[in-house]
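K.L.:
Got entry_26.cif for you, mmCIF, N, CA and C atoms:
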```cif
data_start
#
loop_
_atom_site.label_atom_id
_atom_site.label_comp_id
_atom_site.auth_asym_id
_atom_site.auth_seq_id
_atom_site.Cartn_x
_atom_site.Cartn_y
_atom_site.Cartn_z
N MET A 14 0.82 -1.19 0.00
CA MET A 14 0.00 0.00 0.00
C MET A 14 0.87 1.26 0.00
N ILE A 15 1.94 1.26 0.79
CA ILE A 15 2.84 2.42 0.85
C ILE A 15 3.54 2.60 -0.49
N LEU A 16 3.98 1.51 -1.09
CA LEU A 16 4.63 1.58 -2.40
C LEU A 16 3.68 2.16 -3.44
N ARG A 17 2.43 1.75 -3.40
CA ARG A 17 1.43 2.26 -4.33
C ARG A 17 1.25 3.77 -4.16
N ASP A 18 1.23 4.24 -2.93
CA ASP A 18 1.09 5.67 -2.66
C ASP A 18 2.30 6.46 -3.17
N ILE A 19 3.49 5.90 -2.99
CA ILE A 19 4.70 6.56 -3.47
C ILE A 19 4.69 6.66 -4.99
N ILE A 20 4.33 5.56 -5.65
CA ILE A 20 4.26 5.56 -7.12
C ILE A 20 3.21 6.55 -7.61
N LYS A 21 2.05 6.57 -6.96
CA LYS A 21 0.98 7.48 -7.33
C LYS A 21 1.43 8.94 -7.18
N LYS A 22 2.11 9.24 -6.07
CA LYS A 22 2.60 10.60 -5.81
C LYS A 22 3.60 11.03 -6.88
N ASN A 23 4.52 10.13 -7.25
CA ASN A 23 5.52 10.45 -8.27
C ASN A 23 4.89 10.63 -9.64
N LEU A 24 3.90 9.81 -9.96
CA LEU A 24 3.21 9.95 -11.24
C LEU A 24 2.45 11.27 -11.32
N LEU A 25 1.83 11.67 -10.21
CA LEU A 25 1.12 12.95 -10.17
C LEU A 25 2.09 14.11 -10.33
N LEU A 26 3.27 14.01 -9.71
CA LEU A 26 4.29 15.05 -9.84
C LEU A 26 4.76 15.16 -11.29
N GLU A 27 5.02 14.02 -11.93
CA GLU A 27 5.44 14.01 -13.33
C GLU A 27 4.36 14.62 -14.23
N LYS A 28 3.10 14.28 -13.94
CA LYS A 28 1.98 14.82 -14.72
C LYS A 28 1.91 16.34 -14.54
N ARG A 29 2.11 16.83 -13.32
CA ARG A 29 2.06 18.26 -13.04
C ARG A 29 3.20 19.00 -13.76
N ILE A 30 4.38 18.43 -13.74
CA ILE A 30 5.52 19.04 -14.45
C ILE A 30 5.22 19.12 -15.95
N ALA A 31 4.67 18.04 -16.51
CA ALA A 31 4.32 18.03 -17.94
C ALA A 31 3.28 19.09 -18.25
N GLN A 32 2.28 19.25 -17.36
CA GLN A 32 1.25 20.27 -17.57
C GLN A 32 1.85 21.66 -17.53
N LEU A 33 2.72 21.92 -16.58
CA LEU A 33 3.33 23.24 -16.45
C LEU A 33 4.19 23.58 -17.66
N THR A 34 5.00 22.63 -18.11
CA THR A 34 5.89 22.91 -19.23
C THR A 34 5.12 22.98 -20.55
N ALA A 35 3.97 22.31 -20.63
CA ALA A 35 3.19 22.32 -21.87
C ALA A 35 2.28 23.53 -21.96
N ASN A 36 1.72 23.97 -20.84
CA ASN A 36 0.70 25.01 -20.86
C ASN A 36 1.19 26.39 -20.47
N VAL A 37 2.36 26.50 -19.96
CA VAL A 37 2.87 27.79 -19.51
C VAL A 37 3.97 28.23 -20.45
N GLU A 38 3.89 29.47 -20.88
CA GLU A 38 4.96 30.00 -21.70
C GLU A 38 6.11 30.35 -20.78
N ILE A 39 7.24 29.76 -21.02
CA ILE A 39 8.41 30.01 -20.19
C ILE A 39 9.23 31.10 -20.86
N VAL A 40 9.35 32.21 -20.17
CA VAL A 40 10.09 33.34 -20.70
C VAL A 40 11.43 33.41 -19.99
N LEU A 41 12.49 33.28 -20.75
CA LEU A 41 13.82 33.36 -20.18
C LEU A 41 14.44 34.69 -20.58
N GLY A 42 14.72 35.50 -19.59
CA GLY A 42 15.41 36.75 -19.88
C GLY A 42 16.90 36.50 -19.81
N LEU A 43 17.57 36.65 -20.92
CA LEU A 43 18.99 36.36 -20.97
C LEU A 43 19.79 37.64 -21.10
N ASP A 44 20.59 37.93 -20.12
CA ASP A 44 21.52 39.05 -20.21
C ASP A 44 22.89 38.47 -20.52
N LEU A 45 23.41 38.80 -21.67
CA LEU A 45 24.73 38.30 -22.05
C LEU A 45 25.76 39.34 -21.65
N ILE A 46 26.31 39.15 -20.50
CA ILE A 46 27.30 40.07 -19.98
C ILE A 46 28.67 39.61 -20.45
N LYS A 47 29.34 40.48 -21.16
CA LYS A 47 30.64 40.11 -21.72
C LYS A 47 31.74 40.86 -21.00
N THR A 48 32.36 40.17 -20.11
CA THR A 48 33.55 40.71 -19.46
C THR A 48 34.75 40.33 -20.32
N LYS A 49 35.91 40.80 -19.97
CA LYS A 49 37.12 40.43 -20.69
C LYS A 49 37.30 38.91 -20.65
N HIS A 50 37.00 38.32 -19.48
CA HIS A 50 37.11 36.87 -19.33
C HIS A 50 36.20 36.15 -20.33
N THR A 51 34.95 36.60 -20.45
CA THR A 51 34.02 35.95 -21.37
C THR A 51 34.48 36.10 -22.80
N LEU A 52 34.95 37.28 -23.17
CA LEU A 52 35.45 37.48 -24.54
C LEU A 52 36.63 36.55 -24.83
N ASP A 53 37.52 36.39 -23.86
CA ASP A 53 38.65 35.48 -24.03
C ASP A 53 38.16 34.05 -24.20
N GLN A 54 37.17 33.66 -23.41
CA GLN A 54 36.64 32.30 -23.46
C GLN A 54 35.93 32.04 -24.78
N MET A 55 35.28 33.06 -25.35
CA MET A 55 34.58 32.88 -26.62
C MET A 55 35.54 32.50 -27.73
N LYS A 56 36.79 32.92 -27.63
CA LYS A 56 37.79 32.65 -28.67
C LYS A 56 38.75 31.53 -28.29
N MET A 57 38.56 30.96 -27.10
CA MET A 57 39.50 29.96 -26.60
C MET A 57 39.39 28.67 -27.42
N SER A 58 40.50 28.04 -27.66
CA SER A 58 40.54 26.77 -28.37
C SER A 58 40.74 25.65 -27.37
N SER A 59 39.98 24.57 -27.56
CA SER A 59 40.20 23.41 -26.72
C SER A 59 41.38 22.63 -27.28
N ARG A 60 41.93 21.74 -26.49
CA ARG A 60 43.08 20.94 -26.94
C ARG A 60 42.74 20.18 -28.20
N GLU A 61 41.53 19.64 -28.26
CA GLU A 61 41.11 18.88 -29.43
C GLU A 61 41.08 19.76 -30.67
N ASP A 62 40.59 21.00 -30.51
CA ASP A 62 40.51 21.92 -31.64
C ASP A 62 41.90 22.37 -32.09
N VAL A 63 42.81 22.53 -31.14
CA VAL A 63 44.18 22.94 -31.49
C VAL A 63 44.83 21.88 -32.36
N ILE A 64 44.56 20.61 -32.06
CA ILE A 64 45.12 19.52 -32.86
C ILE A 64 44.69 19.66 -34.31
N HIS A 65 43.44 20.08 -34.53
CA HIS A 65 42.91 20.22 -35.89
C HIS A 65 43.04 21.66 -36.39
N THR A 66 43.80 22.49 -35.67
CA THR A 66 44.04 23.90 -36.00
C THR A 66 42.76 24.66 -36.32
N ARG A 67 41.75 24.45 -35.50
CA ARG A 67 40.48 25.13 -35.70
C ARG A 67 40.08 25.81 -34.40
N ASN A 68 39.81 27.12 -34.44
CA ASN A 68 39.35 27.84 -33.26
C ASN A 68 37.89 27.52 -32.99
N TYR A 69 37.52 27.57 -31.73
CA TYR A 69 36.15 27.30 -31.32
C TYR A 69 35.51 28.63 -30.94
N ASP A 70 34.98 29.36 -31.91
CA ASP A 70 34.34 30.64 -31.65
C ASP A 70 32.90 30.41 -31.23
N ILE A 71 32.50 31.01 -30.11
CA ILE A 71 31.16 30.85 -29.58
C ILE A 71 30.43 32.17 -29.78
N SER A 72 29.40 32.16 -30.61
CA SER A 72 28.68 33.38 -30.93
C SER A 72 27.56 33.62 -29.91
N ASN A 73 27.04 34.85 -29.89
CA ASN A 73 25.88 35.16 -29.04
C ASN A 73 24.71 34.26 -29.39
N ARG A 74 24.47 34.08 -30.68
CA ARG A 74 23.35 33.25 -31.15
C ARG A 74 23.49 31.81 -30.64
N GLU A 75 24.70 31.29 -30.70
CA GLU A 75 24.94 29.92 -30.22
C GLU A 75 24.69 29.83 -28.72
N MET A 76 25.07 30.86 -27.97
CA MET A 76 24.83 30.85 -26.52
C MET A 76 23.34 30.80 -26.22
N VAL A 77 22.55 31.62 -26.90
CA VAL A 77 21.11 31.65 -26.68
C VAL A 77 20.48 30.32 -27.08
N GLU A 78 20.86 29.79 -28.23
CA GLU A 78 20.32 28.50 -28.70
C GLU A 78 20.69 27.38 -27.73
N PHE A 79 21.91 27.41 -27.23
CA PHE A 79 22.36 26.39 -26.27
C PHE A 79 21.48 26.40 -25.02
N VAL A 80 21.23 27.59 -24.45
CA VAL A 80 20.39 27.69 -23.26
C VAL A 80 18.97 27.26 -23.57
N ASN A 81 18.45 27.61 -24.75
CA ASN A 81 17.09 27.22 -25.14
C ASN A 81 16.92 25.70 -25.18
N ASN A 82 17.99 24.98 -25.50
CA ASN A 82 17.92 23.51 -25.51
C ASN A 82 17.70 22.93 -24.12
N PHE A 83 18.02 23.71 -23.10
CA PHE A 83 17.89 23.26 -21.71
C PHE A 83 16.61 23.77 -21.03
N THR A 84 15.69 24.36 -21.79
CA THR A 84 14.50 24.99 -21.21
C THR A 84 13.74 24.02 -20.31
N LYS A 85 13.48 22.82 -20.78
CA LYS A 85 12.72 21.84 -19.99
C LYS A 85 13.47 21.49 -18.70
N GLU A 86 14.77 21.24 -18.79
CA GLU A 86 15.56 20.87 -17.63
C GLU A 86 15.63 22.02 -16.62
N ILE A 87 15.74 23.26 -17.12
CA ILE A 87 15.78 24.43 -16.24
C ILE A 87 14.43 24.59 -15.53
N ALA A 88 13.33 24.44 -16.28
CA ALA A 88 11.99 24.55 -15.69
C ALA A 88 11.79 23.49 -14.61
N GLU A 89 12.21 22.26 -14.89
CA GLU A 89 12.09 21.19 -13.90
C GLU A 89 12.96 21.49 -12.68
N GLY A 90 14.14 22.04 -12.90
CA GLY A 90 15.03 22.39 -11.79
C GLY A 90 14.42 23.45 -10.89
N ILE A 91 13.73 24.41 -11.48
CA ILE A 91 13.07 25.45 -10.69
C ILE A 91 11.88 24.85 -9.93
N ILE A 92 11.06 24.06 -10.62
CA ILE A 92 9.89 23.44 -9.99
C ILE A 92 10.29 22.51 -8.86
N ASN A 93 11.36 21.75 -9.06
CA ASN A 93 11.80 20.77 -8.05
C ASN A 93 12.72 21.37 -7.00
N ASP A 94 12.87 22.69 -7.02
CA ASP A 94 13.68 23.42 -6.04
C ASP A 94 15.16 22.99 -6.07
N GLU A 95 15.64 22.67 -7.27
CA GLU A 95 17.06 22.36 -7.44
C GLU A 95 17.83 23.60 -7.87
N ILE A 96 17.14 24.54 -8.53
CA ILE A 96 17.74 25.80 -8.94
C ILE A 96 17.26 26.86 -7.96
N HIS A 97 18.23 27.57 -7.37
CA HIS A 97 17.93 28.56 -6.35
C HIS A 97 18.40 29.94 -6.81
N ASP A 98 17.71 30.96 -6.32
CA ASP A 98 18.04 32.34 -6.63
C ASP A 98 19.50 32.63 -6.27
N ASP A 99 20.22 33.19 -7.23
CA ASP A 99 21.62 33.62 -7.05
C ASP A 99 22.60 32.50 -6.71
N VAL A 100 22.25 31.25 -7.03
CA VAL A 100 23.18 30.12 -6.85
C VAL A 100 23.50 29.59 -8.25
N PRO A 101 24.71 29.86 -8.76
CA PRO A 101 25.06 29.44 -10.13
C PRO A 101 24.97 27.93 -10.34
N PHE A 102 24.57 27.57 -11.56
CA PHE A 102 24.56 26.17 -11.98
C PHE A 102 25.22 26.09 -13.35
N VAL A 103 25.44 24.87 -13.82
CA VAL A 103 26.21 24.67 -15.06
C VAL A 103 25.38 23.89 -16.08
N LEU A 104 25.49 24.29 -17.33
CA LEU A 104 24.92 23.55 -18.46
C LEU A 104 26.08 22.97 -19.24
N LYS A 105 25.99 21.67 -19.58
CA LYS A 105 27.07 21.01 -20.32
C LYS A 105 26.50 20.13 -21.41
N SER A 106 27.21 20.09 -22.54
CA SER A 106 26.85 19.18 -23.61
C SER A 106 28.11 18.77 -24.36
N ARG A 107 28.36 17.48 -24.39
CA ARG A 107 29.51 16.97 -25.17
C ARG A 107 29.22 17.09 -26.66
N ASP A 108 27.93 16.92 -27.06
CA ASP A 108 27.58 17.05 -28.47
C ASP A 108 27.86 18.45 -28.98
N TRP A 109 27.54 19.46 -28.18
CA TRP A 109 27.78 20.86 -28.55
C TRP A 109 29.22 21.27 -28.29
N LYS A 110 29.94 20.46 -27.52
CA LYS A 110 31.31 20.78 -27.09
C LYS A 110 31.32 22.14 -26.39
N LEU A 111 30.39 22.29 -25.43
CA LEU A 111 30.22 23.57 -24.79
C LEU A 111 29.73 23.38 -23.35
N ALA A 112 30.19 24.26 -22.46
CA ALA A 112 29.71 24.32 -21.08
C ALA A 112 29.50 25.79 -20.73
N MET A 113 28.52 26.04 -19.86
CA MET A 113 28.22 27.42 -19.43
C MET A 113 27.91 27.44 -17.96
N ALA A 114 28.39 28.47 -17.30
CA ALA A 114 27.97 28.74 -15.93
C ALA A 114 26.86 29.77 -16.02
N ILE A 115 25.74 29.49 -15.34
CA ILE A 115 24.56 30.35 -15.39
C ILE A 115 24.26 30.88 -13.99
N GLY A 116 24.01 32.17 -13.91
CA GLY A 116 23.60 32.80 -12.65
C GLY A 116 22.11 33.08 -12.70
N PRO A 117 21.28 32.29 -11.98
CA PRO A 117 19.83 32.50 -12.01
C PRO A 117 19.42 33.59 -11.02
N HIS A 118 18.57 34.49 -11.47
CA HIS A 118 18.05 35.55 -10.61
C HIS A 118 16.53 35.53 -10.67
N HIS A 119 15.89 35.24 -9.56
CA HIS A 119 14.43 35.22 -9.50
C HIS A 119 13.94 36.66 -9.42
N VAL A 120 13.23 37.11 -10.44
CA VAL A 120 12.76 38.49 -10.51
C VAL A 120 11.44 38.62 -9.74
N GLU A 121 10.44 37.85 -10.15
CA GLU A 121 9.15 37.82 -9.44
C GLU A 121 8.29 36.72 -10.04
N GLY A 122 7.39 36.18 -9.23
CA GLY A 122 6.48 35.14 -9.72
C GLY A 122 7.23 34.00 -10.38
N THR A 123 6.90 33.78 -11.65
CA THR A 123 7.56 32.70 -12.39
C THR A 123 8.63 33.24 -13.35
N TYR A 124 9.00 34.48 -13.19
CA TYR A 124 9.99 35.08 -14.09
C TYR A 124 11.38 35.01 -13.48
N TRP A 125 12.28 34.38 -14.21
CA TRP A 125 13.67 34.24 -13.80
C TRP A 125 14.54 34.86 -14.87
N LYS A 126 15.57 35.52 -14.46
CA LYS A 126 16.56 36.06 -15.38
C LYS A 126 17.79 35.16 -15.27
N LEU A 127 18.26 34.67 -16.41
CA LEU A 127 19.43 33.80 -16.43
C LEU A 127 20.59 34.58 -17.04
N VAL A 128 21.64 34.76 -16.27
CA VAL A 128 22.80 35.50 -16.73
C VAL A 128 23.92 34.51 -17.03
N ILE A 129 24.42 34.57 -18.25
CA ILE A 129 25.53 33.69 -18.63
C ILE A 129 26.80 34.27 -18.03
N ILE A 130 27.36 33.55 -17.07
CA ILE A 130 28.55 34.02 -16.37
C ILE A 130 29.80 33.79 -17.21
N THR A 131 29.91 32.59 -17.76
CA THR A 131 31.05 32.29 -18.62
C THR A 131 30.69 31.14 -19.55
N VAL A 132 31.43 31.02 -20.62
CA VAL A 132 31.30 29.92 -21.57
C VAL A 132 32.65 29.21 -21.65
N PHE A 133 32.60 27.92 -22.00
CA PHE A 133 33.84 27.15 -22.03
C PHE A 133 33.70 26.04 -23.07
N PRO A 134 34.68 25.90 -23.97
CA PRO A 134 34.64 24.79 -24.93
C PRO A 134 34.89 23.47 -24.21
N GLU A 135 33.92 22.61 -24.26
CA GLU A 135 33.94 21.33 -23.54
C GLU A 135 34.42 20.23 -24.49
N SER A 136 35.35 19.42 -24.04
CA SER A 136 35.78 18.27 -24.84
C SER A 136 36.22 17.17 -23.89
N GLU A 137 36.55 16.04 -24.48
CA GLU A 137 37.01 14.90 -23.69
C GLU A 137 38.28 15.24 -22.92
N TYR A 138 39.13 16.08 -23.50
CA TYR A 138 40.42 16.41 -22.90
C TYR A 138 40.40 17.70 -22.09
N ASN A 139 39.35 18.47 -22.24
CA ASN A 139 39.30 19.80 -21.65
C ASN A 139 37.90 20.03 -21.08
N SER A 140 37.69 19.63 -19.83
CA SER A 140 36.36 19.69 -19.23
C SER A 140 36.23 20.87 -18.27
N PHE A 141 35.06 21.50 -18.28
CA PHE A 141 34.76 22.62 -17.40
C PHE A 141 34.67 22.10 -15.97
N ARG A 142 35.39 22.71 -15.06
CA ARG A 142 35.38 22.27 -13.67
C ARG A 142 34.22 22.91 -12.93
N VAL A 143 33.57 22.11 -12.09
CA VAL A 143 32.41 22.58 -11.34
C VAL A 143 32.65 22.40 -9.85
N GLY A 144 31.83 23.12 -9.05
CA GLY A 144 31.92 23.01 -7.60
C GLY A 144 31.45 21.65 -7.12
N GLU A 145 31.84 21.30 -5.90
CA GLU A 145 31.55 19.99 -5.34
C GLU A 145 30.05 19.66 -5.34
N ASP A 146 29.21 20.58 -4.91
CA ASP A 146 27.77 20.34 -4.84
C ASP A 146 27.01 21.16 -5.88
N GLN A 147 27.69 21.63 -6.91
CA GLN A 147 27.05 22.49 -7.90
C GLN A 147 26.16 21.67 -8.84
N LEU A 148 24.98 22.21 -9.11
CA LEU A 148 24.04 21.56 -10.02
C LEU A 148 24.59 21.63 -11.45
N VAL A 149 24.61 20.47 -12.13
CA VAL A 149 25.06 20.38 -13.50
C VAL A 149 23.96 19.74 -14.32
N LEU A 150 23.47 20.43 -15.34
CA LEU A 150 22.47 19.89 -16.25
C LEU A 150 23.18 19.53 -17.53
N GLU A 151 23.02 18.28 -17.97
CA GLU A 151 23.73 17.80 -19.16
C GLU A 151 22.77 17.30 -20.21
N LEU A 152 23.13 17.54 -21.46
CA LEU A 152 22.40 16.99 -22.61
C LEU A 152 23.30 16.03 -23.35
#
```
Can you give me the file's structure in the form of structure tokens?

P.N.:
Amino acid sequence: MILRDIIKKNLLLEKRIAQLTANVEIVLGLDLIKTKHTLDQMKMSSREDVIHTRNYDISNREMVEFVNNFTKEIAEGIINDEIHDDVPFVLKSRDWKLAMAIGPHHVEGTYWKLVIITVFPESEYNSFRVGEDQLVLEL
């Protein structure tokens, strides 16, 4: 009976998350703050790219598209209280060969502003380092 209640509770939570992500327009305010560090990182070459003599330039458009791919995971993180106001988290994708540190700022209600703190070319040989208990969302 207890197992049935646990399963029922989890299924209801999954259904609620699906309803929220399907019926609510999620508006992400992205402020792309470019410090000298970020500009340097946008042009940084990973070890793998250096071998093939190709720079890994990260454009503004690519940064926005990359974050948009994580919309569902970010929404779930906020709903499940895994993403907290002013506590940076990381987005990583080996397919994109990219990692980002994101600073979430809760503005009001369901509106969050996501500030891209830094970008980093991610590869097998050159991985973005994260904090011990830092939330990492991966695709």

K.L.:
Selected by the PyMOL selection byres ((chain A and resi 133-141) around 5) in the shown coordinates: which residues, as a ChimeraX atom specification?

P.N.:
/A:110-113,131-132,142-143

K.L.:
By how many Å are atom N of A:Arg107 and atom CA of A:Asn93 apart?

P.N.:
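Those two atoms sit 23.5 Å apart.
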
K.L.:
Ranking A:Leu150, A:Gly122, A:Ile30, A:Arg74 by minimum distance to A:Ile92 and counting only N, CA and C atoms, which one comes first?

P.N.:
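For A:Ile92, the nearest of the candidates is A:Ile30.
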
K.L.:
Would you mind telling me which residue in A:Ile115, A:Ile129, A:Met76, A:Val103 lies nearest to A:Gln147 when using only N, CA and C atoms?

P.N.:
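Among the listed residues, the smallest separation from A:Gln147 belongs to A:Val103.
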
K.L.:
Give the strand (DSSP E or B) residues of stretch 56-130 of chain A, as assigned by DSSP on the backbone, as a list in words.

P.N.:
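Across stretch 56-130 of chain A, those assigned strand (DSSP E or B) are Phe102, Val103, Leu104, Lys105, Ser106, Leu111, Ala112, Met113, Ala114, Ile115, Gly116, Pro117, His118, His119, Val120, Glu121, Tyr124, Trp125, Lys126, Leu127, Val128, Ile129 and Ile130 of chain A.
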
K.L.:
Which value, in Å to one decimal, gives the distance between atom CA of A:Gly116 and atom C of A:Leu25?

P.N.:
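It comes out at 28.6 Å.
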
K.L.:
What gap, in Å, lies between atom CA of A:Val128 and atom CA of A:Asp98?

P.N.:
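For atom CA of A:Val128 relative to atom CA of A:Asp98, the distance reads 11.6 Å.
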
K.L.:
Just the residues within 8 Å of A:Phe83, please, counting only N, CA and C atoms, with nothing from its chain fewer than 6 positions along; format it as a tab-separated table (two decimals) with N, CA and C atoms, in the coordinates of the input.

P.N.:
```tsv
chain	number	residue	atom	x	y	z
A	89	GLU	N	12.21	22.26	-14.89
A	89	GLU	CA	12.09	21.19	-13.90
A	89	GLU	C	12.96	21.49	-12.68
A	104	LEU	N	25.49	24.29	-17.33
A	104	LEU	CA	24.92	23.55	-18.46
A	104	LEU	C	26.08	22.97	-19.24
A	150	LEU	N	23.47	20.43	-15.34
A	150	LEU	CA	22.47	19.89	-16.25
A	150	LEU	C	23.18	19.53	-17.53
A	151	GLU	N	23.02	18.28	-17.97
A	151	GLU	CA	23.73	17.80	-19.16
A	151	GLU	C	22.77	17.30	-20.21
A	152	LEU	N	23.13	17.54	-21.46
A	152	LEU	CA	22.40	16.99	-22.61
A	152	LEU	C	23.30	16.03	-23.35
```

K.L.:
Quick one: which residues end up in the PyMOL selection byres (((chain A and resi 100 and name CA) around 12) and name CA) for this structure, as a list in words?

P.N.:
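Taken over the shown coordinates, the PyMOL selection byres (((chain A and resi 100 and name CA) around 12) and name CA) returns Ile91, Asp94, Glu95, Ile96, His97, Asp98, Asp99, Pro101, Phe102, Val103, Ala114, Ile115, Gly116, Pro117, His118, His119, Leu127, Val128, Ile130, Gly144, Asp146, Gln147, Leu148 and Val149 of chain A.
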